[in-house]
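Notes follow once the structure below has been shown.
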Amino acid sequence: MDMKSVESKWQQRWEKSKESVFNKKNIDKKFYVLEMFSYPSGAKLHIGHWYNYGPTDSYARFKRMQGFEVFQPMGFDAFGLPAENYAIKTKIHPKDSTEKNIATMETQLKAMGAMFDWSAEVKTCEEDYYKWTQWMFLKLFEKGLAYRKEAPVNWCPSCNTVLANEQVTEGCCERCGTPVVKKDLTQWFFKITEYADELLQALDTLDWPEKTKLMQRNWIGKSIGCEIEFACESGDTFKVFTTRCDTVFGVSFVALAPEHPLVRKLVSDECRPAVEAYIAETAKTNEIERLSSAREKTGAFIGHYAINPVNGEKVPIYAADYVLYSYGTGAVMGVPAHDERDFVFAQKYGLPIKKVIENKNGNTVLPYTEDGICVNSLQFDGQFGDDARSAIANHLTKMGKGARKVNYRLRDWLVSRQRYWGAPIPVVHCPHCGIVPVPYKDLPVKLPYNVEFEPDGKSPLAKCDEFMHVKCPVCGQDAMRDPDTLDTFVCSSWYYLRYADAHNAKQPFDPEIVNKMLPVDKYVGGAEHACMHLLYARFFTKALRDMGYLNFDEPFKSLVHQGVILGPDGNRMSKSKGNVVSPDEYIQSYGSDVFRLYLMFGFSYTEGGPWSDDGIKSVAKFLDRVERLVTKYKDEKPSKEEKTASAAEKELNFVRHNTIRQVTRDLENFSFNTAVARLMEYVNALYKYDGEAEKDAAFYKECRRDLLLLLAPFAPHFTEELWEQTGGKYSVFDQPYPVCDEAALVREEVEYAIQINSKIKTKMMIGKDLTEEQLRAAVLANDAVRPLTEGKVIKKWIVVPGRLVNIIL
RNA sequence: GCGGAUGUGGCGAAACUGGCAGACGCGCCGGACUUAGGAUCCGGUGGGCAACCUUGCAGGUUCAAGUCCUGUCAUCCGCACCA
């Protein structure tokens, strides 16, 4: 078959008959299949795109043939750093390069033959999209979920912008690998922490990979503990956070983060030079080193003491950079006997190590960090673990010196960026009125085209006078726009909502439509978004729900991560490693169907693996086999006659229905490789039957018809063509997917493995209607079994129906 | 350091709630048809002459373990002083 012309023939036909356009009339049968949209940083689709979109499209087509009204949109996550960096290098404006890339990618995506509903296409860099991204910002601002504050933030000196916590990997910029530095800057944040608990709890309701849920759980990092107030000799007080208030009697020092304001306030004159030096030293240390648990613990005594509220003991106060100012209260109580870090610290500075928890079974080796029995803890002696903690927490509460407290590792999401290619933040800074949101009617705040976007650490927009100068919407006096743009993850936090109502000019979406179309039934995309996009999108959904725009809690009911296709050398594909495999040449010589089918067959979908094209020919061969078989009889019109099925027909019918059952199940599970294997087995069985002298032509025709229907989602153009050639009515995708006939799966005889003392000795066919007694007799009569059992005492029979018999002598 | 995953033929990989390990395919070997085969079709293919052995390694539970338990090694991923 000439794949090229066949593919373009059907792509045109599908487009003309609007095969892929969602029909709103059938909204009650909707099935929303979503692939993460493309980032148009390069012009061409790479293998990763094909691997994400091809198999998922097959799944979508399968769902469609099962009678669902499938909605499978596609779009572009078009703002962002790569386009801008490319622009800096080449001097081509990001808007121009992005638009060009999008145009090429659209063509390529169409050539893939996926049933994307292009009528719902979304491009985040277009005004009619980012207008609503800005709308989202204003709504969050109104709700108090967007705020501006000065804070130590992650700064990438290479990208010249701040980054969210989620975009920092091992202390380095997630994009370019440059170590980030901390800077105190005034930035915009979204209050995702407001939803920390719900984001955590609701994970249990999601059909997501466990690993991804676990990553989100860890990222949110809930810890239940207690805040305890310490008073200083000076009269100042501060709080520490601890999950182990049962160890409070073991405190032998307290440590404050060097940035903690009390450090400078309380430091004694004598200690001041050393402490100042220490603070300066800490500020110099870069974030990666500071955050490394392997690093030696250091600190400086500030010459001042605090009082342990439970026993009145005077303990020294240290500044120590293993205490993080940004977590909890920025202060910890040091319990060397029961915390490894405190233990190391105390050893270094010669601080007392006081055991207050005893191992249940005696030998307590310090530091002992497990739960145990309180000792040296006055009235709490003898209490254990949780009981001790609640008793002590209650005691502290009664004293007014503490309270239970839950802390999260999750920080608010920093969304402002000092870069050009993004949605401008719709806010005006007025010398009189302060921060003024741009009125909704004035949206979008347009991103100007003529801007010097070469980054120098200042927002490029700040240098664009016509953009910056504006009248205050409240008082009408001269004011300035916000020069920052929004993190691209803001754009992608709600695109799945826009798809459902992509052309709405009055609002981001009509809640009535979106509440029917969402949540997404199957979301497919890379695992690298576990703690970024997937978390942010959940936050947006919950925030919009609380504002009354949505009536569901979670955007993505069910999630699948495709694996990663590596280079042939087993490394991630990258230009610098020179191991990039381009899909283009394969598409050129084999066509889209073969390439897609190979991606499904050659890899375990969620695993991925190193690229190898060893099997690609076999997949082409497989389709050839199908074509030959099907076209051989294409003009035959068998008349139906009542015939009793021969053994060969029963066997073929068994394989046929077994294939239907397995393929259906495998597709549900995204187990494409085994599904294709089943189809190959079925084709092998058909060929076997084809060699029979006597064939039931009508039955055989039905079998071939089912083959095409089964195959259609896997090789859409190819099958549509054969369907037409064999007289099928357009389109094969309007046909129902075959349904398994359970009766055909019942076999008269099944092969059993016969074991003696758990070792396989032989195999035999056993009728399905045999009683256990008859079965035993039949087994004992078997020629291979008889000599081994004669004269021996049979201790036990184990019969696994349909599988094996085990005789224990 | 903590958490998670993976480890199966020469290769890509299968194996539902413990029940015939290696489905399907690549490669390889043999045969058929051919002027020819890099096309197609058919057969064989984990190891060992055998009994038997075989799912990273060492133990354990069980009639039965790739699957469950304990320990251990290797690789990959995530988090990394979160009190």
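Residues in the structure tokens are named by chain (A, B, ... in the order shown) and by number from 1 within that chain; ligands are numbered from 1 in the order shown.
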
Distance filter 7 Å, only C-alpha atoms (C1' of nucleotides), chain B against chain A, as a PyMOL selection string: chain B and resi 4+12+19-20+24-26+63-64+78+80-83

Output N, CA, C and O atoms (P, O5', C5', C4', C3', O3' and C1' of nucleotides) for every residue in that selection, as a CSV table (one decimal), in the first residue's frame.
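Final output, result26.csv:
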```
chain,number,residue,atom,x,y,z
B,4,G,P,9.6,3.5,50.2
B,4,G,O5',9.5,3.7,48.6
B,4,G,C5',8.3,4.2,48.0
B,4,G,C4',8.5,4.5,46.6
B,4,G,C3',8.9,3.3,45.7
B,4,G,O3',7.7,2.5,45.4
B,4,G,C1',10.2,5.2,45.1
B,12,G,P,17.3,-5.5,25.5
B,12,G,O5',16.0,-5.2,24.8
B,12,G,C5',15.9,-4.0,24.0
B,12,G,C4',14.6,-3.9,23.4
B,12,G,C3',13.4,-4.0,24.4
B,12,G,O3',13.2,-2.8,25.1
B,12,G,C1',12.9,-5.2,22.5
B,19,G,P,0.4,-16.9,39.5
B,19,G,O5',0.4,-18.5,39.4
B,19,G,C5',1.6,-19.1,39.3
B,19,G,C4',1.4,-20.5,38.7
B,19,G,C3',0.3,-20.6,37.6
B,19,G,O3',0.7,-21.5,36.7
B,19,G,C1',-0.3,-22.0,39.4
B,20,C,P,1.7,-21.1,35.5
B,20,C,O5',2.1,-22.6,35.0
B,20,C,C5',2.9,-23.4,35.8
B,20,C,C4',3.7,-24.3,34.8
B,20,C,C3',4.6,-23.4,33.9
B,20,C,O3',5.8,-24.2,33.7
B,20,C,C1',3.1,-24.7,32.6
B,24,C,P,3.8,-16.6,20.3
B,24,C,O5',3.9,-15.0,20.0
B,24,C,C5',2.7,-14.3,19.6
B,24,C,C4',3.0,-12.8,19.4
B,24,C,C3',4.2,-12.6,18.5
B,24,C,O3',3.8,-12.7,17.1
B,24,C,C1',4.5,-11.3,20.4
B,25,G,P,4.8,-13.3,16.1
B,25,G,O5',6.0,-12.3,16.1
B,25,G,C5',5.9,-11.0,15.4
B,25,G,C4',7.0,-10.1,15.8
B,25,G,C3',8.4,-10.4,15.4
B,25,G,O3',8.6,-10.1,14.0
B,25,G,C1',8.4,-9.6,17.6
B,26,C,P,9.8,-10.8,13.2
B,26,C,O5',11.1,-10.1,13.8
B,26,C,C5',11.3,-8.8,13.5
B,26,C,C4',12.6,-8.3,14.2
B,26,C,C3',13.9,-9.1,13.8
B,26,C,O3',14.4,-8.5,12.6
B,26,C,C1',13.7,-8.9,16.2
B,63,C,P,3.0,-26.6,52.3
B,63,C,O5',3.2,-27.2,50.8
B,63,C,C5',3.8,-28.5,50.6
B,63,C,C4',3.8,-28.8,49.1
B,63,C,C3',4.3,-27.7,48.2
B,63,C,O3',5.7,-27.8,48.1
B,63,C,C1',2.2,-28.5,47.4
B,64,A,P,6.6,-26.5,48.1
B,64,A,O5',6.1,-25.8,46.8
B,64,A,C5',6.4,-26.3,45.5
B,64,A,C4',5.8,-25.5,44.4
B,64,A,C3',6.1,-24.1,44.4
B,64,A,O3',7.3,-23.8,43.8
B,64,A,C1',3.8,-24.4,44.1
B,78,G,P,14.9,13.3,38.6
B,78,G,O5',14.0,13.4,39.9
B,78,G,C5',12.6,13.5,39.8
B,78,G,C4',12.0,13.3,41.2
B,78,G,C3',12.5,14.2,42.3
B,78,G,O3',12.0,15.5,42.2
B,78,G,C1',12.4,12.0,43.0
B,80,A,P,14.1,19.5,47.4
B,80,A,O5',15.2,18.9,48.4
B,80,A,C5',15.3,19.2,49.6
B,80,A,C4',16.2,18.1,50.2
B,80,A,C3',17.5,18.6,50.7
B,80,A,O3',17.3,19.4,51.8
B,80,A,C1',17.7,16.4,49.8
B,81,C,P,18.4,20.3,52.4
B,81,C,O5',17.9,20.0,53.9
B,81,C,C5',17.8,18.7,54.4
B,81,C,C4',18.1,18.6,55.8
B,81,C,C3',17.3,19.6,56.7
B,81,C,O3',16.9,19.0,57.9
B,81,C,C1',19.6,19.9,57.0
B,82,C,P,15.6,18.0,57.7
B,82,C,O5',14.4,19.0,57.6
B,82,C,C5',14.0,19.8,58.7
B,82,C,C4',12.6,20.2,58.4
B,82,C,C3',11.6,19.1,57.9
B,82,C,O3',10.3,19.4,58.4
B,82,C,C1',11.8,20.9,56.3
B,83,A,P,9.7,18.3,59.3
B,83,A,O5',10.5,18.3,60.6
B,83,A,C5',10.2,18.8,61.7
B,83,A,C4',11.4,18.9,62.7
B,83,A,C3',11.0,19.9,63.7
B,83,A,O3',11.1,19.3,65.0
B,83,A,C1',13.2,20.3,62.9
```

DSSP-assigned strand (DSSP E) among segment 234-436 of chain A, expressed as an MDAnalysis selection string: chainID A and resid 237:242 253:256 299:307 314:320 331:334 357:358 373:374 402:408 413:414 416:417 427:430 434:436

Nearby residues (only C-alpha atoms (C1' of nucleotides)) at most 12 Å from U6 of chain B, same-chain spacing under 6 positions excluded, as a PyMOL selection string: (chain A and resi 607) or (chain B and resi 56+74-77)

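Relative to atom CA of Ile27 of chain A, atom CA of Met65 of chain A is found at 15.9 Å.
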
Pairwise distance for atom CA of Lys761 of chain A and atom CA of Ala685 of chain A, rounded to one decimal in Å: 28.8 Å

Test item: residues at most 9 Å from Lys354 of chain A, only C-alpha atoms (C1' of nucleotides), excluding those fewer than 5 positions along its chain, as a PyMOL selection string: chain A and resi 249-252+335-338+376

Using only C-alpha atoms, please write the residues we just selected to a file, as a compact mmCIF listing (two decimals), in the first residue's frame.
```txt
# COMPACT_ATOMS: atom_id res chain seq x y z
CA PHE A 249 12.99 18.21 78.27
CA GLY A 250 16.14 17.32 76.37
CA VAL A 251 16.72 20.79 74.93
CA SER A 252 20.30 21.89 75.49
CA VAL A 335 17.76 18.16 71.32
CA PRO A 336 21.08 16.44 70.67
CA ALA A 337 20.10 13.13 72.18
CA HIS A 338 17.20 12.64 69.79
CA ASN A 376 13.95 12.70 82.85
```

Close residues, G59 of chain B itself excluded, 12 Å, only C-alpha atoms (C1' of nucleotides), min 4 positions apart in chain, as number ranges by chain: B: 69-72

Create the file for the chosen residues now, containing all heavy atoms and written as a PDB file, in the first residue's frame.
```pdb
ATOM      1  P     C B  69       6.523  -8.463  50.074  1.00  0.00           P
ATOM      2  OP1   C B  69       6.035  -7.165  50.580  1.00  0.00           O
ATOM      3  OP2   C B  69       7.478  -8.510  48.947  1.00  0.00           O
ATOM      4  O5'   C B  69       7.170  -9.276  51.283  1.00  0.00           O
ATOM      5  C5'   C B  69       6.506  -9.397  52.533  1.00  0.00           C
ATOM      6  C4'   C B  69       7.372 -10.179  53.488  1.00  0.00           C
ATOM      7  O4'   C B  69       7.536 -11.530  52.977  1.00  0.00           O
ATOM      8  C3'   C B  69       8.804  -9.676  53.606  1.00  0.00           C
ATOM      9  O3'   C B  69       8.905  -8.598  54.509  1.00  0.00           O
ATOM     10  C2'   C B  69       9.538 -10.919  54.090  1.00  0.00           C
ATOM     11  O2'   C B  69       9.342 -11.149  55.462  1.00  0.00           O
ATOM     12  C1'   C B  69       8.831 -12.010  53.286  1.00  0.00           C
ATOM     13  N1    C B  69       9.539 -12.345  52.024  1.00  0.00           N
ATOM     14  C2    C B  69      10.672 -13.157  52.093  1.00  0.00           C
ATOM     15  O2    C B  69      11.059 -13.564  53.201  1.00  0.00           O
ATOM     16  N3    C B  69      11.334 -13.488  50.958  1.00  0.00           N
ATOM     17  C4    C B  69      10.888 -13.036  49.786  1.00  0.00           C
ATOM     18  N4    C B  69      11.567 -13.383  48.693  1.00  0.00           N
ATOM     19  C5    C B  69       9.740 -12.190  49.682  1.00  0.00           C
ATOM     20  C6    C B  69       9.107 -11.880  50.817  1.00  0.00           C
ATOM     21  P     U B  70      10.029  -7.479  54.242  1.00  0.00           P
ATOM     22  OP1   U B  70       9.733  -6.364  55.164  1.00  0.00           O
ATOM     23  OP2   U B  70      10.169  -7.228  52.794  1.00  0.00           O
ATOM     24  O5'   U B  70      11.355  -8.222  54.734  1.00  0.00           O
ATOM     25  C5'   U B  70      11.508  -8.607  56.095  1.00  0.00           C
ATOM     26  C4'   U B  70      12.842  -9.285  56.284  1.00  0.00           C
ATOM     27  O4'   U B  70      12.840 -10.562  55.572  1.00  0.00           O
ATOM     28  C3'   U B  70      14.035  -8.552  55.671  1.00  0.00           C
ATOM     29  O3'   U B  70      14.495  -7.496  56.487  1.00  0.00           O
ATOM     30  C2'   U B  70      15.054  -9.686  55.541  1.00  0.00           C
ATOM     31  O2'   U B  70      15.651 -10.008  56.771  1.00  0.00           O
ATOM     32  C1'   U B  70      14.147 -10.846  55.097  1.00  0.00           C
ATOM     33  N1    U B  70      14.117 -10.968  53.620  1.00  0.00           N
ATOM     34  C2    U B  70      15.166 -11.649  53.014  1.00  0.00           C
ATOM     35  O2    U B  70      16.088 -12.125  53.645  1.00  0.00           O
ATOM     36  N3    U B  70      15.096 -11.737  51.644  1.00  0.00           N
ATOM     37  C4    U B  70      14.107 -11.220  50.838  1.00  0.00           C
ATOM     38  O4    U B  70      14.177 -11.388  49.623  1.00  0.00           O
ATOM     39  C5    U B  70      13.059 -10.530  51.532  1.00  0.00           C
ATOM     40  C6    U B  70      13.097 -10.429  52.870  1.00  0.00           C
ATOM     41  P     G B  71      15.137  -6.229  55.754  1.00  0.00           P
ATOM     42  OP1   G B  71      15.334  -5.209  56.817  1.00  0.00           O
ATOM     43  OP2   G B  71      14.341  -5.873  54.556  1.00  0.00           O
ATOM     44  O5'   G B  71      16.545  -6.752  55.261  1.00  0.00           O
ATOM     45  C5'   G B  71      17.557  -7.084  56.207  1.00  0.00           C
ATOM     46  C4'   G B  71      18.640  -7.886  55.548  1.00  0.00           C
ATOM     47  O4'   G B  71      18.060  -9.012  54.835  1.00  0.00           O
ATOM     48  C3'   G B  71      19.435  -7.186  54.453  1.00  0.00           C
ATOM     49  O3'   G B  71      20.394  -6.283  54.973  1.00  0.00           O
ATOM     50  C2'   G B  71      20.068  -8.369  53.732  1.00  0.00           C
ATOM     51  O2'   G B  71      21.149  -8.901  54.461  1.00  0.00           O
ATOM     52  C1'   G B  71      18.901  -9.362  53.738  1.00  0.00           C
ATOM     53  N9    G B  71      18.139  -9.282  52.483  1.00  0.00           N
ATOM     54  C8    G B  71      16.891  -8.737  52.262  1.00  0.00           C
ATOM     55  N7    G B  71      16.514  -8.812  51.011  1.00  0.00           N
ATOM     56  C5    G B  71      17.583  -9.424  50.363  1.00  0.00           C
ATOM     57  C6    G B  71      17.762  -9.771  48.992  1.00  0.00           C
ATOM     58  O6    G B  71      16.993  -9.594  48.053  1.00  0.00           O
ATOM     59  N1    G B  71      19.005 -10.372  48.774  1.00  0.00           N
ATOM     60  C2    G B  71      19.940 -10.617  49.751  1.00  0.00           C
ATOM     61  N2    G B  71      21.071 -11.198  49.344  1.00  0.00           N
ATOM     62  N3    G B  71      19.784 -10.304  51.030  1.00  0.00           N
ATOM     63  C4    G B  71      18.589  -9.715  51.254  1.00  0.00           C
ATOM     64  P     U B  72      20.788  -5.005  54.107  1.00  0.00           P
ATOM     65  OP1   U B  72      21.762  -4.239  54.899  1.00  0.00           O
ATOM     66  OP2   U B  72      19.540  -4.350  53.625  1.00  0.00           O
ATOM     67  O5'   U B  72      21.519  -5.644  52.850  1.00  0.00           O
ATOM     68  C5'   U B  72      22.810  -6.254  53.002  1.00  0.00           C
ATOM     69  C4'   U B  72      23.260  -6.836  51.688  1.00  0.00           C
ATOM     70  O4'   U B  72      22.261  -7.781  51.207  1.00  0.00           O
ATOM     71  C3'   U B  72      23.375  -5.835  50.545  1.00  0.00           C
ATOM     72  O3'   U B  72      24.578  -5.103  50.568  1.00  0.00           O
ATOM     73  C2'   U B  72      23.273  -6.746  49.324  1.00  0.00           C
ATOM     74  O2'   U B  72      24.475  -7.443  49.076  1.00  0.00           O
ATOM     75  C1'   U B  72      22.210  -7.743  49.787  1.00  0.00           C
ATOM     76  N1    U B  72      20.853  -7.338  49.359  1.00  0.00           N
ATOM     77  C2    U B  72      20.498  -7.583  48.040  1.00  0.00           C
ATOM     78  O2    U B  72      21.254  -8.108  47.249  1.00  0.00           O
ATOM     79  N3    U B  72      19.237  -7.186  47.691  1.00  0.00           N
ATOM     80  C4    U B  72      18.304  -6.577  48.502  1.00  0.00           C
ATOM     81  O4    U B  72      17.200  -6.279  48.041  1.00  0.00           O
ATOM     82  C5    U B  72      18.736  -6.348  49.848  1.00  0.00           C
ATOM     83  C6    U B  72      19.964  -6.725  50.213  1.00  0.00           C
TER      84        U B  72
END
```

Shell of 12 Å around Asn551 of chain A, only C-alpha atoms (C1' of nucleotides), local chain residues under 6 positions omitted, as a PyMOL selection string: chain A and resi 511-519+541-545

Considering only alpha helix (DSSP H) as DSSP defines it on the backbone, what residues of segment 129-313 of chain A qualify? List them as a short mmCIF file (atom, residue, chain, number, x, y, z; two decimals) with C-alpha atoms, in the first residue's frame.
```cif
data_model
loop_
_atom_site.label_atom_id
_atom_site.label_comp_id
_atom_site.auth_asym_id
_atom_site.auth_seq_id
_atom_site.Cartn_x
_atom_site.Cartn_y
_atom_site.Cartn_z
CA TYR A 129 -5.94 33.58 25.37
CA TYR A 130 -3.62 35.59 27.59
CA LYS A 131 -6.37 38.11 28.12
CA TRP A 132 -8.03 35.39 30.17
CA THR A 133 -4.79 34.36 31.82
CA GLN A 134 -4.68 37.94 33.08
CA TRP A 135 -8.32 37.62 34.07
CA MET A 136 -7.33 34.58 36.16
CA PHE A 137 -4.64 36.63 37.84
CA LEU A 138 -7.10 39.39 38.71
CA LYS A 139 -9.60 36.92 40.08
CA LEU A 140 -6.95 35.37 42.29
CA PHE A 141 -5.90 38.84 43.37
CA GLU A 142 -9.48 39.73 44.26
CA ALA A 196 -2.02 22.57 50.83
CA ASP A 197 -4.21 20.30 52.86
CA GLU A 198 -6.84 19.77 50.21
CA LEU A 199 -4.21 19.22 47.55
CA LEU A 200 -2.79 16.54 49.79
CA GLN A 201 -6.01 14.86 50.88
CA GLU A 210 1.20 6.11 42.73
CA LYS A 211 4.66 7.49 42.25
CA THR A 212 3.32 10.83 41.07
CA LYS A 213 0.92 11.04 43.96
CA LEU A 214 3.75 10.25 46.34
CA MET A 215 5.92 12.95 44.81
CA GLN A 216 3.16 15.47 45.34
CA ARG A 217 2.66 14.28 48.89
CA ASN A 218 6.34 14.72 49.61
CA TRP A 219 6.42 18.04 47.88
CA ILE A 220 3.53 19.32 49.96
CA PRO A 261 15.94 39.24 63.24
CA LEU A 262 16.49 38.27 66.87
CA VAL A 263 20.04 37.20 66.13
CA ARG A 264 21.22 40.75 65.61
CA LYS A 265 18.97 42.07 68.32
CA LEU A 266 20.14 39.75 71.07
CA ARG A 272 28.91 40.47 67.89
CA PRO A 273 32.03 40.39 65.67
CA ALA A 274 31.96 36.62 65.40
CA VAL A 275 28.22 36.50 64.79
CA GLU A 276 28.31 39.24 62.17
CA ALA A 277 31.10 37.37 60.44
CA TYR A 278 29.03 34.22 60.56
CA ILE A 279 25.97 35.94 59.09
CA ALA A 280 28.08 37.34 56.29
CA GLU A 281 29.62 33.93 55.68
CA THR A 282 26.19 32.33 55.40
CA ALA A 283 24.97 34.95 53.00
CA LYS A 284 27.90 34.19 50.75
CA GLU A 287 22.11 27.70 48.08
CA ILE A 288 23.24 24.26 46.94
CA GLU A 289 25.91 24.06 49.59
CA ARG A 290 23.75 25.51 52.27
#
```

Polymer residues at most 12 Å from G43 of chain B, only C-alpha atoms (C1' of nucleotides), same-chain spacing of 5 or more positions, as a PyMOL selection string: chain B and resi 29-32

Given the selection you just returned, output its residues as a file containing N, CA and C atoms (P, O5', C5', C4', C3', O3' and C1' of nucleotides), formatted as an mmCIF file, in the first residue's frame.
```
data_model
loop_
_atom_site.group_PDB
_atom_site.id
_atom_site.type_symbol
_atom_site.label_atom_id
_atom_site.label_comp_id
_atom_site.auth_asym_id
_atom_site.auth_seq_id
_atom_site.Cartn_x
_atom_site.Cartn_y
_atom_site.Cartn_z
ATOM 1 P P C B 29 22.225 -17.617 10.197
ATOM 2 O "O5'" C B 29 21.660 -19.068 10.530
ATOM 3 C "C5'" C B 29 22.434 -19.992 11.300
ATOM 4 C "C4'" C B 29 21.641 -21.245 11.553
ATOM 5 C "C3'" C B 29 21.007 -21.880 10.311
ATOM 6 O "O3'" C B 29 21.923 -22.636 9.562
ATOM 7 C "C1'" C B 29 19.398 -21.777 12.036
ATOM 8 P P G B 30 21.753 -22.721 7.975
ATOM 9 O "O5'" G B 30 20.454 -23.628 7.801
ATOM 10 C "C5'" G B 30 20.539 -25.026 8.075
ATOM 11 C "C4'" G B 30 19.174 -25.651 8.063
ATOM 12 C "C3'" G B 30 18.399 -25.565 6.755
ATOM 13 O "O3'" G B 30 18.867 -26.476 5.776
ATOM 14 C "C1'" G B 30 16.951 -25.064 8.535
ATOM 15 P P G B 31 18.816 -26.051 4.237
ATOM 16 O "O5'" G B 31 17.265 -26.198 3.897
ATOM 17 C "C5'" G B 31 16.652 -27.498 3.896
ATOM 18 C "C4'" G B 31 15.155 -27.367 3.893
ATOM 19 C "C3'" G B 31 14.530 -26.774 2.630
ATOM 20 O "O3'" G B 31 14.471 -27.703 1.569
ATOM 21 C "C1'" G B 31 13.506 -25.826 4.531
ATOM 22 P P A B 32 14.489 -27.168 0.067
ATOM 23 O "O5'" A B 32 13.029 -26.534 -0.063
ATOM 24 C "C5'" A B 32 11.872 -27.370 -0.021
ATOM 25 C "C4'" A B 32 10.636 -26.543 -0.208
ATOM 26 C "C3'" A B 32 10.599 -25.732 -1.495
ATOM 27 O "O3'" A B 32 10.175 -26.505 -2.595
ATOM 28 C "C1'" A B 32 9.958 -24.367 0.333
#
```

Counting only C-alpha atoms, the residue of A:Lys355, A:Arg411, A:His49, A:Lys729 that sits nearest Asn165 of chain A: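 Among the listed residues, the smallest separation from Asn165 of chain A belongs to A:Arg411.
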
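Candidate residues B:G66, B:C79, B:U35, B:U54 were compared for distance to A15 of chain B, and the nearest is B:G66, using only C-alpha atoms (C1' of nucleotides).
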
Counting only C-alpha atoms, the option among A:Ala87, A:Val520, A:Ile224, A:Ala784 closest to Val70 of chain A: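 Counting only C-alpha atoms, the residue closest to Val70 of chain A is A:Val520.
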
Residue among A:Glu370, A:Gly42, A:Tyr499, A:Glu724 lying closest to Pro82 of chain A, counting only C-alpha atoms: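 Smallest separation from Pro82 of chain A among the options: A:Gly42.
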